[in-house]
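Text of the file structure-v2.tsv, holding TSV, C-alpha atoms:
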```tsv
chain	number	residue	atom	x	y	z
A	24	MET	CA	4.29	-11.48	-14.44
A	25	LYS	CA	4.77	-9.08	-11.52
A	26	ASN	CA	7.92	-10.86	-10.32
A	27	TRP	CA	9.35	-10.90	-13.83
A	28	ILE	CA	8.80	-7.15	-14.24
A	29	ILE	CA	10.41	-6.42	-10.86
A	30	LYS	CA	13.46	-8.64	-11.45
A	31	THR	CA	13.93	-7.37	-15.01
A	32	PHE	CA	13.60	-3.63	-14.49
A	33	ILE	CA	14.55	-2.99	-10.83
A	34	LYS	CA	18.11	-3.57	-9.70
A	35	ASN	CA	18.61	-4.49	-6.03
A	36	HIS	CA	14.82	-4.81	-5.77
A	37	GLU	CA	15.06	-6.39	-2.30
A	38	ASP	CA	16.35	-3.14	-0.74
A	39	VAL	CA	13.02	-1.23	-0.70
A	40	LYS	CA	14.34	1.21	1.95
A	41	ASP	CA	16.86	2.61	-0.54
A	42	PRO	CA	15.37	5.85	-1.99
A	43	GLN	CA	16.72	5.05	-5.47
A	44	VAL	CA	15.25	1.55	-5.44
A	45	ARG	CA	11.95	2.91	-4.16
A	46	GLU	CA	11.90	5.52	-6.93
A	47	ARG	CA	12.56	2.78	-9.47
A	48	TYR	CA	9.60	0.78	-8.17
A	49	GLY	CA	7.36	3.84	-8.58
A	50	SER	CA	8.68	4.57	-12.07
A	51	VAL	CA	8.12	0.99	-13.25
A	52	ALA	CA	4.61	0.93	-11.77
A	53	GLY	CA	3.86	4.23	-13.50
A	54	ALA	CA	5.18	3.02	-16.85
A	55	VAL	CA	3.17	-0.22	-16.64
A	56	GLY	CA	0.04	1.83	-15.85
A	57	ILE	CA	0.59	4.23	-18.76
A	58	ILE	CA	1.13	1.48	-21.36
A	59	SER	CA	-1.68	-0.84	-20.26
A	60	ASN	CA	-4.24	1.95	-19.77
A	61	LEU	CA	-3.48	3.55	-23.15
A	62	ILE	CA	-4.03	0.18	-24.84
A	63	LEU	CA	-7.34	-0.29	-23.03
A	64	CYS	CA	-8.36	3.31	-23.79
A	65	ALA	CA	-7.69	2.92	-27.53
A	66	PHE	CA	-9.68	-0.32	-27.87
A	67	LYS	CA	-12.64	0.93	-25.78
A	68	ILE	CA	-12.96	4.33	-27.42
A	69	LEU	CA	-12.67	2.77	-30.87
A	70	SER	CA	-15.29	0.16	-29.94
A	71	GLY	CA	-17.57	2.81	-28.40
A	72	ILE	CA	-17.40	5.00	-31.51
A	73	ILE	CA	-17.94	2.14	-33.98
A	74	PHE	CA	-20.91	0.65	-32.13
A	75	GLY	CA	-22.34	3.90	-30.75
A	76	SER	CA	-22.08	3.01	-27.05
A	77	ILE	CA	-21.67	5.92	-24.63
A	78	SER	CA	-21.04	3.59	-21.67
A	79	ILE	CA	-18.14	1.85	-23.44
A	80	LEU	CA	-16.85	5.24	-24.60
A	81	ALA	CA	-17.12	6.54	-21.02
A	82	ASP	CA	-15.21	3.54	-19.75
A	83	GLY	CA	-12.50	4.21	-22.33
A	84	VAL	CA	-12.20	7.84	-21.29
A	85	ASN	CA	-11.88	6.60	-17.71
A	86	ASN	CA	-8.88	4.52	-18.84
A	87	LEU	CA	-7.40	7.64	-20.43
A	88	SER	CA	-7.64	9.36	-17.04
A	89	ASP	CA	-5.96	6.29	-15.51
A	90	ALA	CA	-3.09	6.63	-17.98
A	91	SER	CA	-2.76	10.31	-17.08
A	92	ALA	CA	-2.79	9.39	-13.40
A	93	SER	CA	-0.01	6.86	-13.99
A	94	LEU	CA	2.02	9.56	-15.74
A	95	ILE	CA	1.53	11.86	-12.75
A	96	THR	CA	2.54	9.01	-10.44
A	97	LEU	CA	5.73	8.45	-12.43
A	98	LEU	CA	6.61	12.15	-12.34
A	99	GLY	CA	5.74	12.29	-8.64
A	100	PHE	CA	8.21	9.53	-7.79
A	101	LYS	CA	10.90	11.21	-9.89
A	102	LEU	CA	10.42	14.55	-8.11
A	103	ALA	CA	10.06	12.98	-4.65
A	104	ALA	CA	13.41	11.19	-5.10
A	105	LYS	CA	15.30	14.48	-5.54
A	106	LYS	CA	17.89	15.11	-2.85
A	107	PRO	CA	17.38	17.87	-0.24
A	108	ASP	CA	18.55	21.29	-1.35
A	109	LYS	CA	18.89	24.81	0.03
A	110	ASP	CA	15.21	25.63	-0.47
A	111	HIS	CA	13.93	22.21	0.64
A	112	PRO	CA	16.22	20.92	3.42
A	113	TYR	CA	13.73	18.18	4.36
A	114	GLY	CA	13.70	16.78	0.83
A	115	HIS	CA	10.91	16.58	-1.75
A	116	GLY	CA	9.06	13.54	-0.40
A	117	ARG	CA	5.72	15.31	0.00
A	118	THR	CA	5.58	15.63	-3.79
A	119	GLU	CA	4.25	12.07	-3.74
A	120	TYR	CA	1.29	13.19	-1.60
A	121	LEU	CA	0.60	16.04	-4.02
A	122	THR	CA	0.72	13.48	-6.83
A	123	GLY	CA	-1.98	11.42	-5.14
A	124	LEU	CA	-4.12	14.53	-4.69
A	125	ALA	CA	-3.70	15.49	-8.36
A	126	ILE	CA	-4.80	11.99	-9.42
A	127	SER	CA	-7.88	12.25	-7.19
A	128	ILE	CA	-8.91	15.64	-8.59
A	129	MET	CA	-8.44	14.38	-12.14
A	130	ILE	CA	-10.74	11.44	-11.39
A	131	LEU	CA	-13.40	13.86	-10.11
A	132	LEU	CA	-13.23	16.01	-13.25
A	133	ILE	CA	-13.48	13.00	-15.55
A	134	GLY	CA	-16.42	11.65	-13.56
A	135	PHE	CA	-18.29	14.95	-13.79
A	136	GLU	CA	-17.86	15.21	-17.56
A	137	LEU	CA	-18.95	11.60	-18.07
A	138	PHE	CA	-22.02	12.20	-15.93
A	139	LYS	CA	-23.13	15.11	-18.11
A	140	THR	CA	-22.63	13.15	-21.34
A	141	SER	CA	-24.39	10.04	-20.02
A	142	LEU	CA	-27.31	12.10	-18.71
A	143	GLU	CA	-27.80	13.56	-22.18
A	144	LYS	CA	-27.73	10.05	-23.68
A	145	THR	CA	-30.33	8.93	-21.16
A	146	ILE	CA	-32.68	11.82	-22.00
A	147	HIS	CA	-32.10	11.41	-25.74
A	148	PRO	CA	-31.22	7.70	-26.22
A	149	GLU	CA	-29.67	6.45	-29.44
A	150	GLU	CA	-29.77	2.92	-30.76
A	151	ILE	CA	-26.52	1.04	-30.23
A	152	GLU	CA	-25.16	-1.86	-32.29
A	153	PHE	CA	-24.41	-5.06	-30.39
A	154	SER	CA	-21.11	-6.76	-31.17
A	155	TRP	CA	-19.26	-9.70	-29.64
A	156	LEU	CA	-16.08	-7.76	-30.36
A	157	SER	CA	-17.08	-5.08	-27.85
A	158	VAL	CA	-17.95	-7.84	-25.35
A	159	ALA	CA	-14.50	-9.37	-25.83
A	160	VAL	CA	-12.82	-5.96	-25.39
A	161	LEU	CA	-14.67	-5.37	-22.12
A	162	ALA	CA	-13.96	-8.90	-20.82
A	163	CYS	CA	-10.23	-8.53	-21.55
A	164	ALA	CA	-10.25	-5.10	-19.90
A	165	ILE	CA	-11.70	-6.59	-16.69
A	166	LEU	CA	-8.93	-9.19	-16.52
A	167	ILE	CA	-6.23	-6.57	-17.12
A	168	LYS	CA	-7.70	-4.28	-14.46
A	169	ILE	CA	-7.79	-7.13	-11.92
A	170	TRP	CA	-4.08	-7.69	-12.58
A	171	GLN	CA	-3.37	-3.94	-12.38
A	172	ALA	CA	-5.11	-3.66	-9.00
A	173	GLY	CA	-3.07	-6.53	-7.55
A	174	PHE	CA	0.18	-5.26	-9.08
A	175	ASN	CA	-0.18	-1.69	-7.76
A	176	LYS	CA	-1.46	-2.77	-4.34
A	177	SER	CA	1.40	-5.20	-3.74
A	178	ILE	CA	4.05	-2.65	-4.77
A	179	GLY	CA	2.28	0.13	-2.88
A	180	LYS	CA	2.40	-1.91	0.33
A	181	LEU	CA	5.96	-3.03	-0.35
A	182	ILE	CA	7.31	0.54	-0.63
A	183	ASP	CA	4.64	2.20	1.57
A	184	SER	CA	3.23	4.43	-1.18
A	185	ASP	CA	-0.18	6.09	-0.73
A	186	ALA	CA	-0.14	7.12	-4.40
A	187	LEU	CA	0.19	3.53	-5.65
A	188	ILE	CA	-2.37	2.23	-3.14
A	189	ALA	CA	-4.77	4.92	-4.42
A	190	THR	CA	-4.03	3.80	-7.99
A	191	ALA	CA	-4.77	0.19	-6.98
A	192	ALA	CA	-8.11	1.27	-5.49
A	193	ASP	CA	-8.94	3.06	-8.74
A	194	SER	CA	-8.14	-0.07	-10.75
A	195	ARG	CA	-10.36	-2.12	-8.45
A	196	ASN	CA	-13.17	0.37	-9.02
A	197	ASP	CA	-12.60	0.09	-12.78
A	198	VAL	CA	-13.21	-3.66	-12.54
A	199	ILE	CA	-16.64	-2.96	-11.05
A	200	SER	CA	-17.55	-0.20	-13.50
A	201	THR	CA	-16.39	-2.15	-16.56
A	202	SER	CA	-18.30	-5.20	-15.35
A	203	ALA	CA	-21.41	-3.02	-15.14
A	204	VAL	CA	-20.84	-1.76	-18.70
A	205	LEU	CA	-20.39	-5.35	-19.90
A	206	ALA	CA	-23.65	-6.37	-18.23
A	207	ALA	CA	-25.48	-3.44	-19.84
A	208	THR	CA	-24.03	-4.32	-23.25
A	209	LEU	CA	-25.24	-7.92	-22.97
A	210	VAL	CA	-28.69	-6.87	-21.77
A	211	SER	CA	-29.03	-4.35	-24.61
A	212	GLY	CA	-27.90	-6.97	-27.11
A	213	PHE	CA	-30.39	-9.66	-26.11
A	214	THR	CA	-33.36	-7.49	-25.10
A	215	SER	CA	-35.08	-4.30	-26.20
A	216	LEU	CA	-33.79	-2.44	-23.14
A	217	ASN	CA	-31.33	0.36	-23.90
A	218	LEU	CA	-29.26	0.66	-20.71
A	219	ASP	CA	-26.36	2.47	-22.34
A	220	GLY	CA	-27.10	5.97	-20.96
A	221	PRO	CA	-28.21	4.89	-17.46
A	222	MET	CA	-25.19	2.62	-17.11
A	223	GLY	CA	-22.95	5.51	-18.19
A	224	ILE	CA	-24.48	7.55	-15.36
A	225	ILE	CA	-23.81	4.74	-12.88
A	226	VAL	CA	-20.19	4.48	-14.04
A	227	ALA	CA	-19.79	8.27	-13.75
A	228	LEU	CA	-21.27	8.30	-10.23
A	229	PHE	CA	-18.97	5.45	-9.26
A	230	ILE	CA	-15.98	7.41	-10.57
A	231	LEU	CA	-17.09	10.49	-8.60
A	232	TRP	CA	-17.55	8.47	-5.41
A	233	SER	CA	-14.11	6.94	-5.85
A	234	GLY	CA	-12.55	10.36	-6.49
A	235	ILE	CA	-14.06	11.87	-3.34
A	236	GLY	CA	-12.74	9.00	-1.24
A	237	LEU	CA	-9.27	9.30	-2.74
A	238	VAL	CA	-9.21	13.07	-2.11
A	239	LYS	CA	-9.90	12.43	1.57
A	240	GLU	CA	-7.17	9.79	1.77
A	241	THR	CA	-4.49	11.76	-0.05
A	242	ILE	CA	-5.11	15.14	1.59
A	243	SER	CA	-4.72	13.85	5.17
A	244	PRO	CA	-0.91	13.47	5.14
A	245	ILE	CA	-0.61	16.92	3.55
A	246	LEU	CA	-2.70	18.52	6.31
A	247	GLY	CA	-0.81	16.60	9.01
A	248	GLN	CA	-2.33	13.31	10.12
A	249	PRO	CA	-1.06	11.51	13.25
A	250	PRO	CA	1.69	8.92	12.82
A	251	GLU	CA	0.76	5.26	12.52
A	252	ALA	CA	0.32	3.43	15.82
A	253	GLU	CA	3.03	0.95	14.79
A	254	THR	CA	5.53	3.78	14.28
A	255	VAL	CA	4.73	5.25	17.70
A	256	LYS	CA	5.12	1.82	19.33
A	257	ASP	CA	8.44	1.12	17.58
A	258	ILE	CA	9.89	4.45	18.72
A	259	SER	CA	8.59	4.07	22.27
A	260	ASP	CA	9.73	0.47	22.68
A	261	LEU	CA	13.23	1.22	21.41
A	262	ILE	CA	13.72	4.24	23.70
A	263	LEU	CA	12.27	2.53	26.78
A	264	SER	CA	14.50	-0.52	26.23
A	265	HIS	CA	17.34	1.58	27.70
A	266	ASP	CA	17.61	1.52	31.49
A	267	SER	CA	18.55	5.20	31.68
A	268	VAL	CA	15.09	6.22	30.43
A	269	LEU	CA	12.31	6.04	33.03
A	270	GLY	CA	9.50	7.24	30.77
A	271	ILE	CA	8.73	9.32	27.70
A	272	HIS	CA	6.15	11.93	26.71
A	273	ASP	CA	5.48	14.71	24.19
A	274	LEU	CA	6.33	12.50	21.22
A	275	ILE	CA	5.90	14.41	17.93
A	276	VAL	CA	6.46	12.87	14.49
A	277	HIS	CA	6.76	15.03	11.36
A	278	ASP	CA	6.13	13.34	8.01
A	279	TYR	CA	7.98	14.82	5.02
A	280	GLY	CA	7.11	11.98	2.69
A	281	PRO	CA	7.52	8.18	2.73
A	282	GLY	CA	10.77	7.27	4.43
A	283	ARG	CA	11.37	10.86	5.59
A	284	LEU	CA	10.28	11.01	9.22
A	285	PHE	CA	11.57	13.44	11.84
A	286	ALA	CA	10.62	13.12	15.50
A	287	SER	CA	11.16	14.67	18.92
A	288	VAL	CA	10.39	13.34	22.38
A	289	HIS	CA	10.95	14.12	26.07
A	290	ALA	CA	12.70	11.37	28.02
A	291	GLU	CA	12.52	11.21	31.82
A	292	VAL	CA	15.86	10.36	33.44
A	293	ASP	CA	17.06	10.01	37.03
A	294	GLY	CA	18.18	13.50	38.14
A	295	SER	CA	20.74	12.00	40.56
A	296	HIS	CA	22.75	10.30	37.81
A	297	ASP	CA	25.80	11.83	36.15
A	298	ILE	CA	24.50	14.13	33.39
A	299	PHE	CA	27.38	13.29	31.05
A	300	ASP	CA	26.69	9.56	31.29
A	301	VAL	CA	22.97	10.06	30.71
A	302	HIS	CA	23.60	12.41	27.79
A	303	ASP	CA	25.92	9.86	26.19
A	304	ASP	CA	23.19	7.22	26.40
A	305	ILE	CA	20.64	9.63	24.93
A	306	ASP	CA	22.96	10.26	21.97
A	307	ASN	CA	23.27	6.52	21.44
A	308	ILE	CA	19.48	6.14	21.47
A	309	GLU	CA	19.09	8.80	18.77
A	310	VAL	CA	21.63	6.98	16.58
A	311	GLU	CA	19.96	3.61	17.20
A	312	VAL	CA	16.51	4.95	16.26
A	313	TYR	CA	17.89	6.25	12.97
A	314	GLU	CA	19.76	3.03	12.16
A	315	LYS	CA	16.84	0.71	12.97
A	316	LEU	CA	13.81	2.84	12.05
A	317	GLY	CA	15.22	5.43	9.64
A	318	ILE	CA	13.79	8.25	11.79
A	319	ILE	CA	15.80	11.35	12.70
A	320	LEU	CA	15.02	11.75	16.42
A	321	THR	CA	15.80	14.56	18.85
A	322	ILE	CA	15.47	13.72	22.56
A	323	HIS	CA	15.00	16.29	25.32
A	324	MET	CA	16.04	15.09	28.80
A	325	ASP	CA	13.70	15.70	31.75
A	326	PRO	CA	15.39	15.02	35.11
A	327	VAL	CA	13.14	13.26	37.64
A	328	ASP	CA	13.49	13.33	41.43
A	329	VAL	CA	13.43	9.57	41.92
A	330	GLY	CA	12.57	8.24	45.38
A	331	ASN	CA	11.35	11.57	46.86
A	332	PRO	CA	8.38	10.63	49.11
A	333	ALA	CA	6.69	14.03	48.62
A	334	VAL	CA	6.87	13.68	44.84
A	335	GLU	CA	5.53	10.12	44.92
A	336	LEU	CA	2.66	11.20	47.16
A	337	ALA	CA	1.84	14.08	44.80
A	338	LYS	CA	1.85	11.68	41.84
A	339	ASP	CA	-0.66	9.40	43.57
A	340	ARG	CA	-2.93	12.35	44.30
A	341	ILE	CA	-2.67	13.73	40.76
A	342	ARG	CA	-3.52	10.28	39.42
A	343	ALA	CA	-6.57	10.07	41.68
A	344	VAL	CA	-7.84	13.51	40.58
A	345	THR	CA	-7.17	13.25	36.84
A	346	SER	CA	-8.65	9.74	36.51
A	347	ASN	CA	-12.07	11.24	37.28
A	348	ILE	CA	-11.86	14.10	34.76
A	349	GLU	CA	-13.02	13.44	31.20
A	350	GLY	CA	-10.56	14.16	28.42
A	351	ILE	CA	-7.24	13.78	30.30
A	352	ILE	CA	-4.86	11.25	28.74
A	353	ASN	CA	-1.99	11.35	31.25
A	354	TYR	CA	0.32	13.57	33.29
A	355	HIS	CA	4.11	13.85	33.57
A	356	ASP	CA	7.07	15.93	34.82
A	357	VAL	CA	5.87	16.12	38.43
A	358	ARG	CA	8.04	18.34	40.64
A	359	ILE	CA	7.58	19.68	44.16
A	360	VAL	CA	8.68	23.09	45.51
A	361	GLN	CA	7.86	23.19	49.23
A	362	GLY	CA	7.45	26.41	51.22
A	363	PRO	CA	6.25	27.44	54.71
A	364	THR	CA	2.74	28.48	53.58
A	365	HIS	CA	2.15	26.48	50.37
A	366	THR	CA	3.62	23.73	48.21
A	367	ASN	CA	3.90	24.24	44.45
A	368	VAL	CA	3.05	21.04	42.59
A	369	VAL	CA	4.45	21.53	39.10
A	370	PHE	CA	3.41	19.12	36.33
A	371	ASP	CA	2.12	18.78	32.76
A	372	ILE	CA	-1.26	17.40	31.68
A	373	VAL	CA	-1.94	15.85	28.26
A	374	LYS	CA	-5.54	16.33	27.21
A	375	ASP	CA	-7.46	14.69	24.41
A	376	HIS	CA	-8.67	16.78	21.45
A	377	SER	CA	-12.23	15.89	22.47
A	378	CYS	CA	-11.79	17.18	26.03
A	379	PRO	CA	-14.98	19.11	26.97
A	380	TYR	CA	-13.12	21.68	29.09
A	381	ASP	CA	-10.98	24.63	28.07
A	382	ASP	CA	-7.55	25.00	29.67
A	383	LYS	CA	-8.74	27.43	32.36
A	384	LYS	CA	-11.59	25.18	33.49
A	385	LEU	CA	-9.37	22.09	33.38
A	386	LYS	CA	-6.75	23.68	35.62
A	387	MET	CA	-9.44	24.77	38.06
A	388	LEU	CA	-10.88	21.26	38.33
A	389	ILE	CA	-7.45	19.75	39.00
A	390	GLN	CA	-6.54	22.48	41.51
A	391	ASP	CA	-9.77	21.99	43.47
A	392	GLY	CA	-9.29	18.24	43.45
A	393	LEU	CA	-5.72	18.43	44.79
A	394	ARG	CA	-6.68	20.86	47.55
A	395	GLU	CA	-9.17	18.32	48.85
A	396	PHE	CA	-6.12	16.20	49.65
A	397	ASP	CA	-3.96	19.05	50.96
A	398	PRO	CA	-5.07	22.72	51.23
A	399	LYS	CA	-1.42	23.79	50.87
A	400	TYR	CA	-1.18	22.37	47.34
A	401	ASN	CA	-0.82	25.03	44.63
A	402	ALA	CA	-1.00	23.39	41.20
A	403	VAL	CA	1.26	24.88	38.50
A	404	ILE	CA	-0.04	23.13	35.40
A	405	THR	CA	1.03	23.14	31.75
A	406	ILE	CA	-1.61	21.82	29.34
A	407	ASP	CA	-0.30	19.75	26.42
A	408	SER	CA	-2.11	18.14	23.48
A	409	SER	CA	-1.31	14.73	22.05
A	410	PHE	CA	0.23	14.61	18.57
A	411	VAL	CA	0.19	10.81	18.25
```
Show me this structure written as structure tokens.
Amino acid sequence: MKNWIIKTFIKNHEDVKDPQVRERYGSVAGAVGIISNLILCAFKILSGIIFGSISILADGVNNLSDASASLITLLGFKLAAKKPDKDHPYGHGRTEYLTGLAISIMILLIGFELFKTSLEKTIHPEEIEFSWLSVAVLACAILIKIWQAGFNKSIGKLIDSDALIATAADSRNDVISTSAVLAATLVSGFTSLNLDGPMGIIVALFILWSGIGLVKETISPILGQPPEAETVKDISDLILSHDSVLGIHDLIVHDYGPGRLFASVHAEVDGSHDIFDVHDDIDNIEVEVYEKLGIILTIHMDPVDVGNPAVELAKDRIRAVTSNIEGIINYHDVRIVQGPTHTNVVFDIVKDHSCPYDDKKLKMLIQDGLREFDPKYNAVITIDSSFV
């Protein structure tokens, strides 16, 4: 079924990196979600009203929220696919993240309202009428939701969409909640226990728990989460595959939506080489990163004094000192300026966000450690933080 939908409604479906193809995937997934959830909503609400079941009615309202979420997803993909303009030169890709957040908030609101209604039904229970028709509706809904979860998850992974992966998680949760409602309906039908209200509360709490989790997941890229480890590795490996680059540091990746990554990095190069030759290679690396990874990269060149014994000695001593200080990730850009009374050792330190020392204390610890090796050492330190 999934393959038929993709082949029928998405032209050039193999090229998932194409923004237009990606937008089409999102639109089709949204349309499928709207249609299937509206059908489920209609049957459940009708069944809940006829047989007086608040839990079935609550499950139907949940499907209505799913249909609304699918509509938001569809609109989000349409807006995210808009080309960059004067007011938004980086494009509109982050609209998709806002879409995911809107879906999450909607789920929370629906869950809260269902909790209030179910609580009232629990305090003041009403007799419900058992029907095999309602059982059949719930059983069919479970099967459809299982298919929905797989459909959205596979497409979400295929096009790297947090919004669709969140929708898949919601469908998976619906399978659990609808199964609980089905169990309560069967118990109420064959025993004197009326579990309609309590099961509605459980469904509502499950919806609230799911909504809170989705809010956390969707708000992270908006606030600025670190890039994926695989992305960092791909960028690093590609740059370091060129002989002109001795090392890299200060890698920063900016996420403006799926498929819209911008990055900058410092590349260490041999200071004795011809600057025009090195610059030409750096330009080629930037082009290669874009062609292979789709990332717009800017590289800053840091010349390194290769083979200078004083610099190599200073590196060894910096390594010895920093390896014993908690919270230091690495160091780079080591330079030496020697004078008659002191030697300036200029370098950068990258500290972890959990480092227990402030910058002033950290510099003091490193300075004291280096002077144990050589009293003439005067450390000139720049403190950096890691963004990956």
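Put simply, atom CA of Ile351 of chain A is 23.5 Å away from atom CA of Asp328 of chain A.
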- Task: Using only C-alpha atoms, pick whichever of A:Gly71, A:Gly123, A:Gly236, A:Gly280 has the shortest atom-to-atom distance to Leu156 of chain A.
- Result: A:Gly71
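One finds atom CA of Ala65 of chain A at 26.7 Å from atom CA of Ser177 of chain A.
Considering all atoms listed in the file, the residue among A:Val160, A:Thr345, A:Val411, A:Gln171 positioned nearest to Met387 of chain A is A:Thr345.
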- If you measure from atom CA of Thr96 of chain A to atom CA of Gly49 of chain A, what distance in Å do you get, rounded to one decimal? 7.3 Å
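Minimum distance to Ile182 of chain A across A:Ala52, A:Ile57, A:Ala92, A:Ile199 (counting all atoms listed in the file) occurs at A:Ala52.
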- Message: Just checking: using only C-alpha atoms, which residue out of A:Leu205, A:Leu94, A:Leu228, A:Cys64 ends up closest to Leu132 of chain A?
- Response: A:Leu228
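Distance annotation: of A:Ile275, A:Ala207, A:Ala186, A:Ile322, the residue with the minimal separation from Ser408 of chain A is A:Ile275; atom set is only C-alpha atoms.
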- Task: Compile the contact shell of Ala172 of chain A as a VMD selection string: residues with an atom at most 12 Å away, counting all atoms listed in the file, same-chain residues fewer than 5 positions apart removed.
- Result: chain A and resid 25 52 55 to 56 89 165 to 167 177 to 179 187 to 199
Please provide as an mmCIF file with C-alpha atoms, keeping the file's coordinate frame all residues within 8 Å of segment 30-41 of chain A, with the sequence filter that same-chain residues fewer than 5 positions apart are discarded (counting all atoms listed in the file).
```
data_model
loop_
_atom_site.group_PDB
_atom_site.id
_atom_site.type_symbol
_atom_site.label_atom_id
_atom_site.label_comp_id
_atom_site.auth_asym_id
_atom_site.auth_seq_id
_atom_site.Cartn_x
_atom_site.Cartn_y
_atom_site.Cartn_z
ATOM 1 C CA ARG A 47 12.560 2.780 -9.470
ATOM 2 C CA TYR A 48 9.600 0.780 -8.170
ATOM 3 C CA VAL A 51 8.120 0.990 -13.250
ATOM 4 C CA LEU A 181 5.960 -3.030 -0.350
ATOM 5 C CA ILE A 182 7.310 0.540 -0.630
ATOM 6 C CA GLY A 282 10.770 7.270 4.430
#
```
- Item | Spatial sel., origin (12.2, 8.9, 4.8), limit 10 Å, all atoms listed in the file, listed as an MDAnalysis selection string | chainID A and resid 40:42 113:114 116 278:285 316:319
Can I get the selected residues back with C-alpha atoms, as an mmCIF file, in the frame of the given file?
```
data_model
loop_
_atom_site.group_PDB
_atom_site.id
_atom_site.type_symbol
_atom_site.label_atom_id
_atom_site.label_comp_id
_atom_site.auth_asym_id
_atom_site.auth_seq_id
_atom_site.Cartn_x
_atom_site.Cartn_y
_atom_site.Cartn_z
ATOM 1 C CA LYS A 40 14.340 1.210 1.950
ATOM 2 C CA ASP A 41 16.860 2.610 -0.540
ATOM 3 C CA PRO A 42 15.370 5.850 -1.990
ATOM 4 C CA TYR A 113 13.730 18.180 4.360
ATOM 5 C CA GLY A 114 13.700 16.780 0.830
ATOM 6 C CA GLY A 116 9.060 13.540 -0.400
ATOM 7 C CA ASP A 278 6.130 13.340 8.010
ATOM 8 C CA TYR A 279 7.980 14.820 5.020
ATOM 9 C CA GLY A 280 7.110 11.980 2.690
ATOM 10 C CA PRO A 281 7.520 8.180 2.730
ATOM 11 C CA GLY A 282 10.770 7.270 4.430
ATOM 12 C CA ARG A 283 11.370 10.860 5.590
ATOM 13 C CA LEU A 284 10.280 11.010 9.220
ATOM 14 C CA PHE A 285 11.570 13.440 11.840
ATOM 15 C CA LEU A 316 13.810 2.840 12.050
ATOM 16 C CA GLY A 317 15.220 5.430 9.640
ATOM 17 C CA ILE A 318 13.790 8.250 11.790
ATOM 18 C CA ILE A 319 15.800 11.350 12.700
#
```
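Near Leu137 of chain A, within 9 Å and counting all atoms listed in the file, sit Ala81, Val84, Asn85, Leu132, Leu142, Gly223, Ile224, Val226, Ala227 and Leu228 of chain A; same-chain residues fewer than 5 positions away were not included.
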Restricted to C-alpha atoms, what would the selected residues look like written as a PDB file, keeping the file's coordinate frame?
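Output file out_4.pdb follows:
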```pdb
ATOM      1  CA  ALA A  81     -17.120   6.540 -21.020  1.00  0.00           C
ATOM      2  CA  VAL A  84     -12.200   7.840 -21.290  1.00  0.00           C
ATOM      3  CA  ASN A  85     -11.880   6.600 -17.710  1.00  0.00           C
ATOM      4  CA  LEU A 132     -13.230  16.010 -13.250  1.00  0.00           C
ATOM      5  CA  LEU A 142     -27.310  12.100 -18.710  1.00  0.00           C
ATOM      6  CA  GLY A 223     -22.950   5.510 -18.190  1.00  0.00           C
ATOM      7  CA  ILE A 224     -24.480   7.550 -15.360  1.00  0.00           C
ATOM      8  CA  VAL A 226     -20.190   4.480 -14.040  1.00  0.00           C
ATOM      9  CA  ALA A 227     -19.790   8.270 -13.750  1.00  0.00           C
ATOM     10  CA  LEU A 228     -21.270   8.300 -10.230  1.00  0.00           C
TER      11      LEU A 228
END
```
- Item | Shell of 6 Å around segment 354-368 of chain A, all atoms listed in the file, local chain residues under 6 positions omitted, as a list in words | Lys399, Tyr400, Asn401, Ala402 and Val403 of chain A
- Among A:Ile133, A:Ile235, A:Leu246, A:Leu121, Asp185 of chain A is approached most closely, using only C-alpha atoms, by A:Leu121
- Task: Could you give me, as a count of residues only, the residues within 12 Å of Ser259 of chain A, counting all atoms listed in the file and dropping anything in the same chain fewer than 3 positions from it?
- Result: 29
